Each structure stands twice: as structure tokens, then as C-alpha cells.
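Step one of this worksheet: look at the structure below.
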Amino acid sequence: MENQNYLNENFGDNVNYEEISHFDNLADSWWIKDGKFKTLHLLNDIRVKWINDFVNIYKDKKILDVGCGGGILSETLSSLGGLVTGIDMSKKSIEIAKYHCRNYDVKPKYYRTSIELFEKTSSEKFDIITCMEMLEHVDNPISIINSCKNLLNDDGVIVLSTINRNLKSFLYAILGGEYIFNILPRGTHKYESFIKPSELYKIIIHHGLDLIDIIGISYNPFLEKFYLSKDVNINYMMMIKKKNYNY
Ligand code: SAH
């Protein structure tokens, strides 16, 4: 029934409602640091540092966080001075995100919407667009990147992160993460939705965008720590700008 309600609103055809139900069901856990979203809490600091080293967030940058979930990344970017808008299709996640920052003086604005619909209704453009750990949960990542581009200021940057598709990522992200070390809820990831950096690169170039940098994120399960590395075989981030513009 709930899916039916979703469908009545025009969020476009790039929302996988099975995925959204998965996140709706987990939404109460967003802020339990040792809970179902432990991995996102563990990697938050290093990804924020990587972004901030490129684009100084302290200067009222307008930021769009696509697939913001319960606001783990949005809140940190906001606390650094960014003017953050977080969007997500999971209604419960958006409720949790709003509730969690209710007492803050400066807080992100949160909306339950798809980026495709947001693009149609927003007159704003953004200096930084983050879309982290989300592309592997949609049917058509190209559509997401296209909307990101259309919402980006000419001198802005897009930051993407997702999971590579190969034997190593299968062993570590699915088998290791979901079944051996249990740091991800089972069923979080589907191997066929993983995206190779070369595939993302092709999409980016095709859309008049340019790659600034790519970096791997590796995990040490014994220290329970993520760290940046040259190994892009599992999780990786890409920093992207518009072609012929400087960020
Ligand atoms: N970006 C956050 C959360 C990642 S989890 C972080 O890295 O901390 C993936 C999120 O993407 C979930 O909250 C899920 O609801 C959202 N999502 C999946 N498909 C979506 C879509 N089509 N539109 C908007 N959000 C989506």
C-alpha cells in the first residue's frame, strides 16, 4: 500500500521501492553508532576530510546531499558551515534526519524526494553535490548523475562514492561485510548493482563532466577502521567538476 502512495507522487521512474523499503525498515538505527549503519559512521570522518581538503566547506557553500539517509554526512557538512539540503526517498529516514538535528541552531534542510523531481522543482544550484553510497541502490545511476550535473554551479564539484564490481568487492563488501564481520545488514548490497570506476568515468565524460580525483576506501576489520588508499577495488570516491570550468 505504501508503495502505492509513493507511486501517486511523481518521483520519476528511477526509484527502486524495494530498496527504499529496506532503508525505511532500518531507519530507527541511523544514529546508533555501533548499529546497522556502523560502516557509514566509521567512514564519515575520512570522507568529509577528503572533500574538505578539496573544497573549503567553511565558507557557506551550498551543498546538496543526495540520498542523505538519516543525515550522517549532511549534519557534519552543516556543522562545518555548509548550507546543506539533504534529500532522500525514504520517508522514515528523512523524519529521523529532521528529528536528530531538531535542537541545532544551524541545520540541514531535509526533503523526501528523488533528485529527478527535485531538479524539476528547485531553482537553486549547488557548489557541492554529494551522492555517497547511493548509486548502487538505484536502477539508473546515469539519471542521477545527469540531475547532479544540472543542479551544479559551473564552478562546483560533485562527489560520488560507490562500490566497484569484481571478485574482491564481492568477497569483502558482500561476503565479508554482510556475512562474516556482520558490519552491514544482510541484503544491503546486490553484486550486479556495483559500478566499476571505468563505467562511472564513461558516464561522467559523456555528460560534459571531468574527473578531478579518485581514491579508494579500505577497511581494516581488526582495528575497525576505514582509511583512504590507492586501492579502488572495493569502495571508492570520485571528485568531479564540469568540463572547462575550475572548481
Ligand atoms: N548517503 C548516506 C546514506 C547512504 S544509504 C551516507 O553515505 O551516509 C543510501 C540511501 O540512499 C538510503 O537512505 C536510501 O533511502 C537512499 N536512496 C536510495 N534510492 C534513492 C533514490 N532513488 N532517491 C533518493 N534516495 C534514495
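Naming works like this for the C-alpha cells: A, B, ... for the chains as they're shown, residue 1 at the start of each chain, ligands 1 onward in shown order.
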
Please, which residues of region 7-211 of chain A, numbered as in this document, come out alpha helix (DSSP H) from DSSP, as JSON, numbers by chain? {"A": [7, 8, 17, 18, 19, 20, 21, 22, 23, 24, 25, 26, 38, 39, 40, 41, 42, 43, 44, 45, 46, 47, 48, 49, 50, 51, 52, 53, 54, 72, 73, 74, 75, 76, 77, 78, 79, 91, 92, 93, 94, 95, 96, 97, 98, 99, 100, 115, 116, 117, 118, 119, 120, 121, 141, 142, 143, 144, 145, 146, 147, 148, 149, 150, 167, 168, 169, 197, 198, 199, 200, 201, 202, 203, 204, 205, 206]}

If you run DSSP over the backbone, which residues in region 29-243 of chain A end up strand (DSSP E or B)? Put them as a PyMOL selection string. chain A and resi 62-66+83-88+109-112+126-132+152-163+209-220+225-229+235-242

Residues at most 12 Å from Asn150 (chain A), counting only C-alpha atoms, excluding those fewer than 3 positions away in the same chain, as number ranges by chain? A: 115-116, 118-120, 122-127, 129, 143-147, 153-154, 156-158, 207-209, 241-242

Take the residues from that selection and write them out as a compact mmCIF listing (two decimals), in the first residue's frame, keeping N, CA, C and O atoms.
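So part-v4.txt came out as:
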```txt
# COMPACT_ATOMS: atom_id res chain seq x y z
N ILE A 115 16.04 12.95 -6.75
CA ILE A 115 16.79 14.08 -7.33
C ILE A 115 16.14 14.49 -8.66
O ILE A 115 16.14 15.66 -9.03
N GLU A 116 15.53 13.52 -9.34
CA GLU A 116 14.89 13.84 -10.62
C GLU A 116 13.73 14.82 -10.41
O GLU A 116 13.58 15.77 -11.18
N PHE A 118 13.37 16.73 -7.62
CA PHE A 118 13.95 17.92 -7.00
C PHE A 118 14.49 18.87 -8.08
O PHE A 118 14.30 20.08 -8.02
N GLU A 119 15.13 18.27 -9.09
CA GLU A 119 15.69 19.07 -10.18
C GLU A 119 14.60 19.89 -10.88
O GLU A 119 14.81 21.04 -11.25
N LYS A 120 13.43 19.27 -11.02
CA LYS A 120 12.34 19.95 -11.73
C LYS A 120 11.77 21.11 -10.92
O LYS A 120 11.26 22.08 -11.47
N SER A 122 13.41 22.74 -8.17
CA SER A 122 14.33 23.64 -7.48
C SER A 122 14.87 24.70 -8.44
O SER A 122 15.26 24.41 -9.57
N SER A 123 14.94 25.95 -7.94
CA SER A 123 15.57 26.99 -8.75
C SER A 123 17.01 27.19 -8.29
O SER A 123 17.77 27.95 -8.88
N GLU A 124 17.38 26.48 -7.22
CA GLU A 124 18.72 26.63 -6.65
C GLU A 124 19.75 25.80 -7.40
O GLU A 124 19.44 24.73 -7.90
N LYS A 125 20.99 26.30 -7.42
CA LYS A 125 22.12 25.47 -7.89
C LYS A 125 23.09 25.33 -6.73
O LYS A 125 23.08 26.14 -5.80
N PHE A 126 23.96 24.33 -6.80
CA PHE A 126 24.78 24.00 -5.64
C PHE A 126 26.28 24.03 -5.97
O PHE A 126 26.69 23.77 -7.10
N ASP A 127 27.06 24.34 -4.91
CA ASP A 127 28.52 24.37 -5.07
C ASP A 127 29.13 22.98 -4.90
O ASP A 127 30.16 22.66 -5.50
N ILE A 129 27.81 18.86 -4.61
CA ILE A 129 26.73 17.85 -4.57
C ILE A 129 27.36 16.52 -4.16
O ILE A 129 28.28 16.03 -4.83
N SER A 143 20.90 8.58 -14.70
CA SER A 143 19.90 9.61 -14.47
C SER A 143 20.26 10.47 -13.25
O SER A 143 20.06 11.69 -13.24
N ILE A 144 20.82 9.83 -12.22
CA ILE A 144 21.22 10.57 -11.00
C ILE A 144 22.36 11.54 -11.35
O ILE A 144 22.33 12.72 -10.97
N ILE A 145 23.33 11.05 -12.11
CA ILE A 145 24.47 11.90 -12.45
C ILE A 145 24.03 13.05 -13.35
O ILE A 145 24.48 14.19 -13.19
N ASN A 146 23.12 12.77 -14.25
CA ASN A 146 22.59 13.81 -15.12
C ASN A 146 21.92 14.92 -14.30
O ASN A 146 22.16 16.12 -14.51
N SER A 147 21.10 14.52 -13.31
CA SER A 147 20.44 15.53 -12.47
C SER A 147 21.45 16.28 -11.62
O SER A 147 21.32 17.49 -11.41
N ASN A 153 26.50 24.30 -9.81
CA ASN A 153 27.06 25.57 -10.29
C ASN A 153 28.24 25.28 -11.21
O ASN A 153 28.90 24.24 -11.07
N ASP A 154 28.53 26.20 -12.11
CA ASP A 154 29.60 25.94 -13.08
C ASP A 154 30.94 25.67 -12.41
O ASP A 154 31.76 24.92 -12.93
N GLY A 156 31.30 24.29 -9.45
CA GLY A 156 31.05 23.38 -8.32
C GLY A 156 31.67 22.01 -8.51
O GLY A 156 32.27 21.72 -9.55
N VAL A 157 31.55 21.18 -7.49
CA VAL A 157 32.04 19.80 -7.59
C VAL A 157 30.97 18.79 -7.17
O VAL A 157 30.12 19.09 -6.33
N ILE A 158 31.03 17.63 -7.81
CA ILE A 158 30.17 16.51 -7.42
C ILE A 158 31.08 15.46 -6.76
O ILE A 158 32.17 15.18 -7.28
N HIS A 207 28.63 13.23 -20.05
CA HIS A 207 27.78 14.32 -19.59
C HIS A 207 28.51 15.66 -19.49
O HIS A 207 28.04 16.58 -18.83
N GLY A 208 29.67 15.74 -20.12
CA GLY A 208 30.40 17.02 -20.10
C GLY A 208 31.01 17.31 -18.74
O GLY A 208 31.22 18.47 -18.38
N LEU A 209 31.30 16.26 -18.01
CA LEU A 209 31.95 16.42 -16.70
C LEU A 209 33.38 15.89 -16.80
O LEU A 209 33.74 15.24 -17.77
N LYS A 241 34.10 17.61 -11.69
CA LYS A 241 33.74 19.01 -11.97
C LYS A 241 33.18 19.11 -13.38
O LYS A 241 33.25 18.14 -14.14
N LYS A 242 32.66 20.29 -13.72
CA LYS A 242 32.21 20.48 -15.09
C LYS A 242 33.44 20.67 -15.98
O LYS A 242 34.40 21.34 -15.59
```

Please find the residues contacting ligand 1 at a distance of at most 9 Å between atoms, with only C-alpha atoms and all ligand atoms counted, and report them as a ChimeraX atom specification. /A:11-17,19-24,27,30,37,39-41,43-44,65-74,87-94,112-116,130-140,144,161

Any idea what's packed within 9 Å of Glu75 (chain A), counting only C-alpha atoms, ignoring anything in its chain fewer than 4 positions away? Could you give it as a CSV table (one decimal) with C-alpha atoms, in the first residue's frame?
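The result, written out as out_15.csv:
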```csv
chain,number,residue,atom,x,y,z
A,71,GLY,CA,21.8,12.7,7.9
A,79,SER,CA,28.5,21.7,11.2
A,80,LEU,CA,31.4,22.8,9.1
A,84,VAL,CA,23.1,21.8,3.3
A,97,ALA,CA,17.2,13.1,10.0
A,101,CYS,CA,19.1,17.9,14.4
A,107,LYS,CA,20.8,22.6,10.5
A,108,PRO,CA,20.3,21.0,7.1
```

Please list as an MDAnalysis selection string every residue within 9 Å of Leu42 (chain A), counting only C-alpha atoms and excluding residues in the same chain fewer than 6 positions away. chainID A and resid 33 224:226

Quick one: of A:Asp34, A:Glu9, A:Asp45, A:Asp155, who's nearest to Lys61 (chain A), counting only C-alpha atoms? A:Asp155

Provide the CA of Lys202 (chain A) to CA of Asp231 (chain A) distance in Å, to one decimal place.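 Going from CA of Lys202 (chain A) over to CA of Asp231 (chain A), I get 19.7 Å.
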
May I ask for the distance between CA of Met239 (chain A) and CA of Ile142 (chain A), given in Å to one decimal place? 16.2 Å

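If you look at CA of Lys196 (chain A) and CA of Ile51 (chain A), they are 21.0 Å away from each other.
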